[in-house]
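Q: This structure is in structure tokens; I'll ask about it shortly.
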Amino acid sequence: MTSKVLSLNDSLEWRDYLNILPLEQHDAYYSPEYYSMYEANGDGIAKCFVFEDKNDLAIYPFLQNSVNKLGYTLDAEYSDIQGAYGYNGVITSSYETEFKKKFFEAFSWFCSEENIIAEFNRFNPINGNHLFEIRTNPINVLDNVLIDLTLDVSEIWMESFDNGVRKAVKKAERNGLIYQCISGNEINELQYKSFLDIYLSTMRRNNADEYYFFSEMYFEKLFDNLKPYILLSIIEMDGKAISVELDLVGAKNCYGFLGGTLSDYYSYSPNSLL
């Protein structure tokens with residue numbers, strides 16, 4: 001039984017541990033490349049707690065921040081931790097009760113040594129890692145839409161989308177909207193700029209919290225470091241990009257991540273086609 005804590009300086013080792021886990025857990029959300037964006041964005045120090053017992057493995061990436069820097073006068077240095085934006089929590093090869101107990105015993109010892117006093121996670125509804133948690137009861141706060149892409153296309157069309165969405169897609173096609181999908185390694189400067197302009201204009205229109213505008217460095221790392229995970233979808237009308245979505249693609253799962261639509265084009269149903 002062993003445990004260790006990795007930093008971004010140990011990215012290769014972090015990646016090696018991630019690759020040991022089952023394929024359905026190979027998502028960008030848990031990668032060192034993903035956490036490097038948030039450390040660069042000022043969201044905390046990226047770390048990854050690794051726990052092994054016999055042939056079982058669990059890894060837990062998080063961002064660590066000082067509580068004292070919030071303005072509290074305390075008797076020592078204290079920290080809190082949270083997962084990076086998106087889904088997070090522990091990913092593991094085993095959900096056996098005894099393994100979970102051993103993991104949290106080791107993790108609790110680490111937290112005590114580091115004076116970590118609070119923790120926040122957004123568990124992943126696809127891999128179900130809330131089931132690994134034994135210390136508290138997770139709270140359901142959002143609805144998520146899951147589509148099984150292993151089904152036949154016609155079955156997805158009829159069963160996963162209601163009649164209103166199917167009508168909207170046909171309307172978008174009649175309006176001459178064009179769809180293109182670009183993998184991370186093929187995104188050019190114009191497509192990158194189209195995504196950024198539409199995303200930021202959508203955030204401004206919705207009066208989004210300042211956090212969601214992200215820094216220039218964040219977007220640079222997103223499009224440079226995460227190329228193998230990125231899928232960019234663009235809807236165009238008369239040669240103009242009007243709706244975009246950036247998806248994160250893992251070995252088995254694909255997640256809608258960031259996107260937006262120009263408000264002047266809502267009536268043409270670009271979102272439904274996208």
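Chain labels follow the order of the structure tokens: the first chain is A, the next B, and so on; residue numbering restarts at 1 in every chain, and ligands are counted from 1 in their shown order.
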Just the residues within 6 Å of stretch 170-181 of chain A, please, counting only C-alpha atoms, with nothing from its chain fewer than 3 positions along; format it as a PyMOL selection string.

A: chain A and resi 167+232-237+268-269

Q: Please save N, CA, C and O atoms of the selected residues as an mmCIF file, in the first residue's frame.

A:
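part.cif was written with the following content:
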```cif
data_model
loop_
_atom_site.group_PDB
_atom_site.id
_atom_site.type_symbol
_atom_site.label_atom_id
_atom_site.label_comp_id
_atom_site.auth_asym_id
_atom_site.auth_seq_id
_atom_site.Cartn_x
_atom_site.Cartn_y
_atom_site.Cartn_z
ATOM 1 N N LYS A 167 -37.411 18.993 -35.735
ATOM 2 C CA LYS A 167 -37.947 20.042 -36.613
ATOM 3 C C LYS A 167 -36.967 21.207 -36.727
ATOM 4 O O LYS A 167 -36.777 21.772 -37.805
ATOM 5 N N LEU A 232 -13.762 20.755 -32.195
ATOM 6 C CA LEU A 232 -14.418 22.058 -32.352
ATOM 7 C C LEU A 232 -15.482 21.952 -33.425
ATOM 8 O O LEU A 232 -15.203 21.589 -34.572
ATOM 9 N N SER A 233 -16.725 22.260 -33.058
ATOM 10 C CA SER A 233 -17.841 22.258 -34.007
ATOM 11 C C SER A 233 -18.239 23.704 -34.305
ATOM 12 O O SER A 233 -18.358 24.513 -33.390
ATOM 13 N N ILE A 234 -18.430 23.997 -35.587
ATOM 14 C CA ILE A 234 -18.780 25.350 -36.017
ATOM 15 C C ILE A 234 -19.970 25.287 -36.959
ATOM 16 O O ILE A 234 -20.019 24.460 -37.875
ATOM 17 N N ILE A 235 -20.950 26.161 -36.732
ATOM 18 C CA ILE A 235 -22.069 26.331 -37.655
ATOM 19 C C ILE A 235 -21.851 27.639 -38.407
ATOM 20 O O ILE A 235 -21.620 28.686 -37.800
ATOM 21 N N GLU A 236 -21.940 27.575 -39.735
ATOM 22 C CA GLU A 236 -21.755 28.763 -40.568
ATOM 23 C C GLU A 236 -23.011 29.063 -41.375
ATOM 24 O O GLU A 236 -23.760 28.149 -41.743
ATOM 25 N N MET A 237 -23.227 30.355 -41.620
ATOM 26 C CA MET A 237 -24.299 30.795 -42.512
ATOM 27 C C MET A 237 -23.702 31.830 -43.454
ATOM 28 O O MET A 237 -23.123 32.824 -43.002
ATOM 29 N N TYR A 268 -32.568 30.987 -36.782
ATOM 30 C CA TYR A 268 -32.206 29.996 -37.800
ATOM 31 C C TYR A 268 -31.904 28.630 -37.188
ATOM 32 O O TYR A 268 -31.514 27.709 -37.882
ATOM 33 N N SER A 269 -32.032 28.501 -35.873
ATOM 34 C CA SER A 269 -31.839 27.240 -35.127
ATOM 35 C C SER A 269 -30.431 26.647 -35.252
ATOM 36 O O SER A 269 -30.281 25.422 -35.413
#
```

Q: Extract the full set of alpha helix (DSSP H) residues from stretch 133-209 of chain A according to DSSP on the backbone, and format it as a PyMOL selection string.

A: chain A and resi 153-159+163-174+189-205

Q: Go ahead and write the residues just picked, N, CA, C and O atoms, as a tab-separated table (two decimals), in the first residue's frame.

A:
```
chain	number	residue	atom	x	y	z
A	153	VAL	N	-27.35	5.54	-35.96
A	153	VAL	CA	-27.66	6.96	-36.13
A	153	VAL	C	-29.17	7.22	-36.18
A	153	VAL	O	-29.68	8.16	-35.57
A	154	SER	N	-29.89	6.37	-36.89
A	154	SER	CA	-31.34	6.56	-37.00
A	154	SER	C	-32.02	6.39	-35.65
A	154	SER	O	-33.01	7.08	-35.34
A	155	GLU	N	-31.49	5.48	-34.83
A	155	GLU	CA	-32.06	5.27	-33.50
A	155	GLU	C	-31.79	6.48	-32.60
A	155	GLU	O	-32.66	6.91	-31.83
A	156	ILE	N	-30.57	7.02	-32.69
A	156	ILE	CA	-30.25	8.24	-31.93
A	156	ILE	C	-31.17	9.37	-32.34
A	156	ILE	O	-31.71	10.11	-31.50
A	157	TRP	N	-31.36	9.53	-33.64
A	157	TRP	CA	-32.19	10.61	-34.18
A	157	TRP	C	-33.63	10.53	-33.65
A	157	TRP	O	-34.21	11.54	-33.26
A	158	MET	N	-34.19	9.33	-33.61
A	158	MET	CA	-35.58	9.18	-33.21
A	158	MET	C	-35.77	9.10	-31.71
A	158	MET	O	-36.79	9.56	-31.18
A	159	GLU	N	-34.80	8.52	-30.98
A	159	GLU	CA	-35.00	8.26	-29.57
A	159	GLU	C	-34.34	9.29	-28.64
A	159	GLU	O	-34.80	9.51	-27.53
A	163	ASN	N	-39.35	15.64	-30.91
A	163	ASN	CA	-39.86	16.09	-32.21
A	163	ASN	C	-39.50	17.55	-32.47
A	163	ASN	O	-39.18	17.93	-33.60
A	164	GLY	N	-39.53	18.39	-31.43
A	164	GLY	CA	-39.22	19.81	-31.60
A	164	GLY	C	-37.79	20.03	-32.05
A	164	GLY	O	-37.51	20.91	-32.88
A	165	VAL	N	-36.87	19.23	-31.51
A	165	VAL	CA	-35.46	19.36	-31.90
A	165	VAL	C	-35.28	18.89	-33.34
A	165	VAL	O	-34.56	19.53	-34.13
A	166	ARG	N	-35.92	17.80	-33.71
A	166	ARG	CA	-35.79	17.30	-35.09
A	166	ARG	C	-36.31	18.33	-36.08
A	166	ARG	O	-35.71	18.54	-37.14
A	167	LYS	N	-37.41	18.99	-35.74
A	167	LYS	CA	-37.95	20.04	-36.61
A	167	LYS	C	-36.97	21.21	-36.73
A	167	LYS	O	-36.78	21.77	-37.81
A	168	ALA	N	-36.34	21.56	-35.60
A	168	ALA	CA	-35.40	22.68	-35.60
A	168	ALA	C	-34.18	22.36	-36.46
A	168	ALA	O	-33.65	23.24	-37.16
A	169	VAL	N	-33.71	21.12	-36.41
A	169	VAL	CA	-32.57	20.72	-37.22
A	169	VAL	C	-32.92	20.83	-38.70
A	169	VAL	O	-32.13	21.35	-39.51
A	170	LYS	N	-34.09	20.35	-39.07
A	170	LYS	CA	-34.52	20.43	-40.48
A	170	LYS	C	-34.68	21.89	-40.91
A	170	LYS	O	-34.33	22.25	-42.04
A	171	LYS	N	-35.14	22.74	-39.99
A	171	LYS	CA	-35.26	24.17	-40.29
A	171	LYS	C	-33.88	24.78	-40.54
A	171	LYS	O	-33.69	25.55	-41.49
A	172	ALA	N	-32.92	24.41	-39.70
A	172	ALA	CA	-31.56	24.92	-39.87
A	172	ALA	C	-30.99	24.51	-41.23
A	172	ALA	O	-30.33	25.30	-41.91
A	173	GLU	N	-31.25	23.27	-41.63
A	173	GLU	CA	-30.75	22.79	-42.92
A	173	GLU	C	-31.43	23.53	-44.07
A	173	GLU	O	-30.77	23.89	-45.06
A	174	ARG	N	-32.74	23.80	-43.95
A	174	ARG	CA	-33.43	24.57	-44.99
A	174	ARG	C	-32.88	25.98	-45.10
A	174	ARG	O	-32.88	26.59	-46.17
A	189	GLU	N	-6.02	29.30	-37.34
A	189	GLU	CA	-6.11	30.56	-36.60
A	189	GLU	C	-7.48	31.21	-36.74
A	189	GLU	O	-8.02	31.76	-35.77
A	190	LEU	N	-8.06	31.16	-37.94
A	190	LEU	CA	-9.38	31.76	-38.16
A	190	LEU	C	-10.46	31.05	-37.35
A	190	LEU	O	-11.34	31.68	-36.76
A	191	GLN	N	-10.40	29.73	-37.32
A	191	GLN	CA	-11.39	28.95	-36.55
A	191	GLN	C	-11.23	29.19	-35.06
A	191	GLN	O	-12.23	29.31	-34.33
A	192	TYR	N	-9.99	29.29	-34.60
A	192	TYR	CA	-9.73	29.61	-33.20
A	192	TYR	C	-10.31	30.97	-32.84
A	192	TYR	O	-10.98	31.12	-31.81
A	193	LYS	N	-10.08	31.96	-33.70
A	193	LYS	CA	-10.59	33.32	-33.45
A	193	LYS	C	-12.11	33.35	-33.48
A	193	LYS	O	-12.75	34.03	-32.67
A	194	SER	N	-12.73	32.59	-34.40
A	194	SER	CA	-14.19	32.54	-34.47
A	194	SER	C	-14.77	31.98	-33.17
A	194	SER	O	-15.74	32.51	-32.62
A	195	PHE	N	-14.15	30.90	-32.69
A	195	PHE	CA	-14.61	30.32	-31.42
A	195	PHE	C	-14.50	31.33	-30.29
A	195	PHE	O	-15.45	31.55	-29.54
A	196	LEU	N	-13.34	31.97	-30.18
A	196	LEU	CA	-13.09	32.89	-29.07
A	196	LEU	C	-14.06	34.07	-29.12
A	196	LEU	O	-14.64	34.46	-28.10
A	197	ASP	N	-14.26	34.65	-30.30
A	197	ASP	CA	-15.14	35.81	-30.44
A	197	ASP	C	-16.58	35.47	-30.06
A	197	ASP	O	-17.25	36.22	-29.34
A	198	ILE	N	-17.07	34.32	-30.54
A	198	ILE	CA	-18.46	33.94	-30.27
A	198	ILE	C	-18.63	33.56	-28.81
A	198	ILE	O	-19.63	33.92	-28.16
A	199	TYR	N	-17.68	32.81	-28.26
A	199	TYR	CA	-17.77	32.43	-26.84
A	199	TYR	C	-17.79	33.66	-25.95
A	199	TYR	O	-18.66	33.80	-25.07
A	200	LEU	N	-16.84	34.58	-26.16
A	200	LEU	CA	-16.75	35.76	-25.29
A	200	LEU	C	-17.96	36.67	-25.47
A	200	LEU	O	-18.46	37.26	-24.49
A	201	SER	N	-18.48	36.80	-26.68
A	201	SER	CA	-19.67	37.64	-26.89
A	201	SER	C	-20.88	37.03	-26.19
A	201	SER	O	-21.74	37.74	-25.65
A	202	THR	N	-20.94	35.68	-26.14
A	202	THR	CA	-22.03	35.00	-25.44
A	202	THR	C	-21.93	35.24	-23.94
A	202	THR	O	-22.95	35.47	-23.26
A	203	MET	N	-20.72	35.20	-23.40
A	203	MET	CA	-20.52	35.46	-21.97
A	203	MET	C	-20.92	36.90	-21.63
A	203	MET	O	-21.57	37.15	-20.60
A	204	ARG	N	-20.55	37.84	-22.49
A	204	ARG	CA	-20.92	39.25	-22.23
A	204	ARG	C	-22.44	39.42	-22.28
A	204	ARG	O	-23.02	40.11	-21.43
A	205	ARG	N	-23.08	38.81	-23.26
A	205	ARG	CA	-24.53	38.95	-23.40
A	205	ARG	C	-25.27	38.37	-22.20
A	205	ARG	O	-26.31	38.90	-21.78
```

Q: Extract, using only C-alpha atoms, all DNA, RNA and protein residues at most 12 Å from stretch 102-111 of chain A, discarding same-chain residues fewer than 5 positions from it, and format them as a VMD selection string.

A: chain A and resid 1 to 5 48 to 54 56 to 60 64 78 to 81 90 to 92 94 to 97 116 to 119 132 to 136

Q: Generate the output file for the selected residues, C-alpha atoms, as an mmCIF file, in the first residue's frame.

A:
```cif
data_model
loop_
_atom_site.group_PDB
_atom_site.id
_atom_site.type_symbol
_atom_site.label_atom_id
_atom_site.label_comp_id
_atom_site.auth_asym_id
_atom_site.auth_seq_id
_atom_site.Cartn_x
_atom_site.Cartn_y
_atom_site.Cartn_z
ATOM 1 C CA MET A 1 0.000 0.000 0.000
ATOM 2 C CA THR A 2 1.600 3.275 -1.140
ATOM 3 C CA SER A 3 0.571 6.875 -1.724
ATOM 4 C CA LYS A 4 2.269 9.915 -3.204
ATOM 5 C CA VAL A 5 1.431 13.457 -4.291
ATOM 6 C CA CYS A 48 -2.527 14.710 -7.920
ATOM 7 C CA PHE A 49 -2.892 12.281 -5.014
ATOM 8 C CA VAL A 50 -1.996 8.738 -6.082
ATOM 9 C CA PHE A 51 -2.908 5.660 -4.044
ATOM 10 C CA GLU A 52 -2.003 2.045 -4.823
ATOM 11 C CA ASP A 53 -2.881 -1.137 -2.978
ATOM 12 C CA LYS A 54 -1.835 -4.435 -4.557
ATOM 13 C CA ASP A 56 -5.652 -1.428 -7.493
ATOM 14 C CA LEU A 57 -5.071 2.242 -8.230
ATOM 15 C CA ALA A 58 -6.879 5.513 -7.491
ATOM 16 C CA ILE A 59 -5.814 9.015 -8.525
ATOM 17 C CA TYR A 60 -7.293 12.303 -7.396
ATOM 18 C CA GLN A 64 -4.856 23.637 -3.572
ATOM 19 C CA TYR A 78 -4.431 26.335 6.137
ATOM 20 C CA SER A 79 -5.588 25.276 2.680
ATOM 21 C CA ASP A 80 -8.673 24.152 0.846
ATOM 22 C CA ILE A 81 -8.883 22.015 -2.292
ATOM 23 C CA VAL A 90 -11.379 10.331 -7.663
ATOM 24 C CA ILE A 91 -10.937 8.004 -10.625
ATOM 25 C CA THR A 92 -10.090 4.435 -9.816
ATOM 26 C CA SER A 94 -11.711 -0.444 -7.862
ATOM 27 C CA TYR A 95 -14.888 0.414 -5.955
ATOM 28 C CA GLU A 96 -14.371 -2.294 -3.350
ATOM 29 C CA THR A 97 -15.295 -1.080 0.135
ATOM 30 C CA ILE A 116 -6.340 21.087 4.380
ATOM 31 C CA ILE A 117 -9.651 21.928 6.009
ATOM 32 C CA ALA A 118 -12.206 21.967 3.153
ATOM 33 C CA GLU A 119 -12.819 20.121 -0.106
ATOM 34 C CA PHE A 132 -16.372 6.088 -4.479
ATOM 35 C CA GLU A 133 -17.179 8.715 -1.839
ATOM 36 C CA ILE A 134 -17.771 7.241 1.641
ATOM 37 C CA ARG A 135 -17.379 10.318 3.861
ATOM 38 C CA THR A 136 -20.553 12.183 2.926
#
```

Q: Please report the interatomic distance between atom CA of A:Phe62 and atom CA of A:Gln82 in Å with one decimal.

A: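 These atoms are spaced 5.5 Å apart.
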
Q: Could you give me, as an NGL selection string, the residues within 7 Å of stretch 15-18 of chain A, counting only C-alpha atoms and dropping anything in the same chain fewer than 4 positions from it?

A: :A and (11 or 26 or 31-32)

Q: Select, from A:Tyr211, A:Leu246, A:Glu77, A:Ala28, the residue with the minimum atom-to-atom distance to A:Ser112, counting only C-alpha atoms.

A: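 Checking each of A:Tyr211, A:Leu246, A:Glu77, A:Ala28 against A:Ser112, counting only C-alpha atoms, the winner is A:Glu77.
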
Q: Which value, in Å to one decimal, gives the distance between atom CA of A:Tyr265 and atom CA of A:Phe219?

A: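 So the two atoms, atom CA of A:Tyr265 and atom CA of A:Phe219, lie 25.2 Å apart.
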
Q: Please extract the residues of stretch 125-250 of chain A with a backbone DSSP assignment of strand (DSSP E) and present them as a list in words.

A: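 Of stretch 125-250 of chain A, only Ile178, Tyr179, Gln180, Cys181, Ile182, Ser183, Ile230, Leu231, Leu232, Ser233, Ile234, Ile235, Glu236, Met237, Lys240, Ala241, Ile242, Ser243, Val244, Glu245, Leu246, Asp247, Leu248 and Val249 of chain A fall in strand (DSSP E).
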
Q: Report as number ranges by chain all protein, DNA and RNA residues lying within 10 Å of A:Phe257, evaluated on only C-alpha atoms, omitting residues in the same chain fewer than 6 positions from it.

A: A: 85-86, 230-231, 245-249

Q: Could the residues in this selection be written to a file with N, CA and C atoms, as a tab-separated table (two decimals), in the first residue's frame?

A:
```
chain	number	residue	atom	x	y	z
A	85	TYR	N	-12.40	23.29	-12.98
A	85	TYR	CA	-13.69	23.52	-13.65
A	85	TYR	C	-14.08	22.30	-14.48
A	86	GLY	N	-15.33	21.89	-14.38
A	86	GLY	CA	-15.78	20.68	-15.06
A	86	GLY	C	-15.96	19.56	-14.06
A	230	ILE	N	-9.45	17.73	-28.11
A	230	ILE	CA	-10.37	18.78	-28.56
A	230	ILE	C	-11.10	18.39	-29.83
A	231	LEU	N	-12.39	18.74	-29.85
A	231	LEU	CA	-13.21	18.67	-31.05
A	231	LEU	C	-13.97	19.99	-31.13
A	245	GLU	N	-19.12	25.15	-30.60
A	245	GLU	CA	-19.02	24.36	-29.38
A	245	GLU	C	-17.69	23.63	-29.36
A	246	LEU	N	-17.03	23.71	-28.22
A	246	LEU	CA	-15.78	23.00	-28.00
A	246	LEU	C	-16.07	21.80	-27.11
A	247	ASP	N	-15.78	20.60	-27.61
A	247	ASP	CA	-15.99	19.38	-26.85
A	247	ASP	C	-14.65	18.80	-26.42
A	248	LEU	N	-14.66	18.12	-25.28
A	248	LEU	CA	-13.48	17.40	-24.81
A	248	LEU	C	-13.71	15.90	-25.03
A	249	VAL	N	-12.84	15.28	-25.78
A	249	VAL	CA	-13.01	13.89	-26.19
A	249	VAL	C	-12.00	13.01	-25.47
```

Q: Choose the residue, out of A:Tyr34, A:Phe161, A:Tyr72, A:Phe99, that has the smallest atom-to-atom separation from A:Tyr218; count only C-alpha atoms.

A: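 Closest to A:Tyr218 of all the choices is A:Tyr34.
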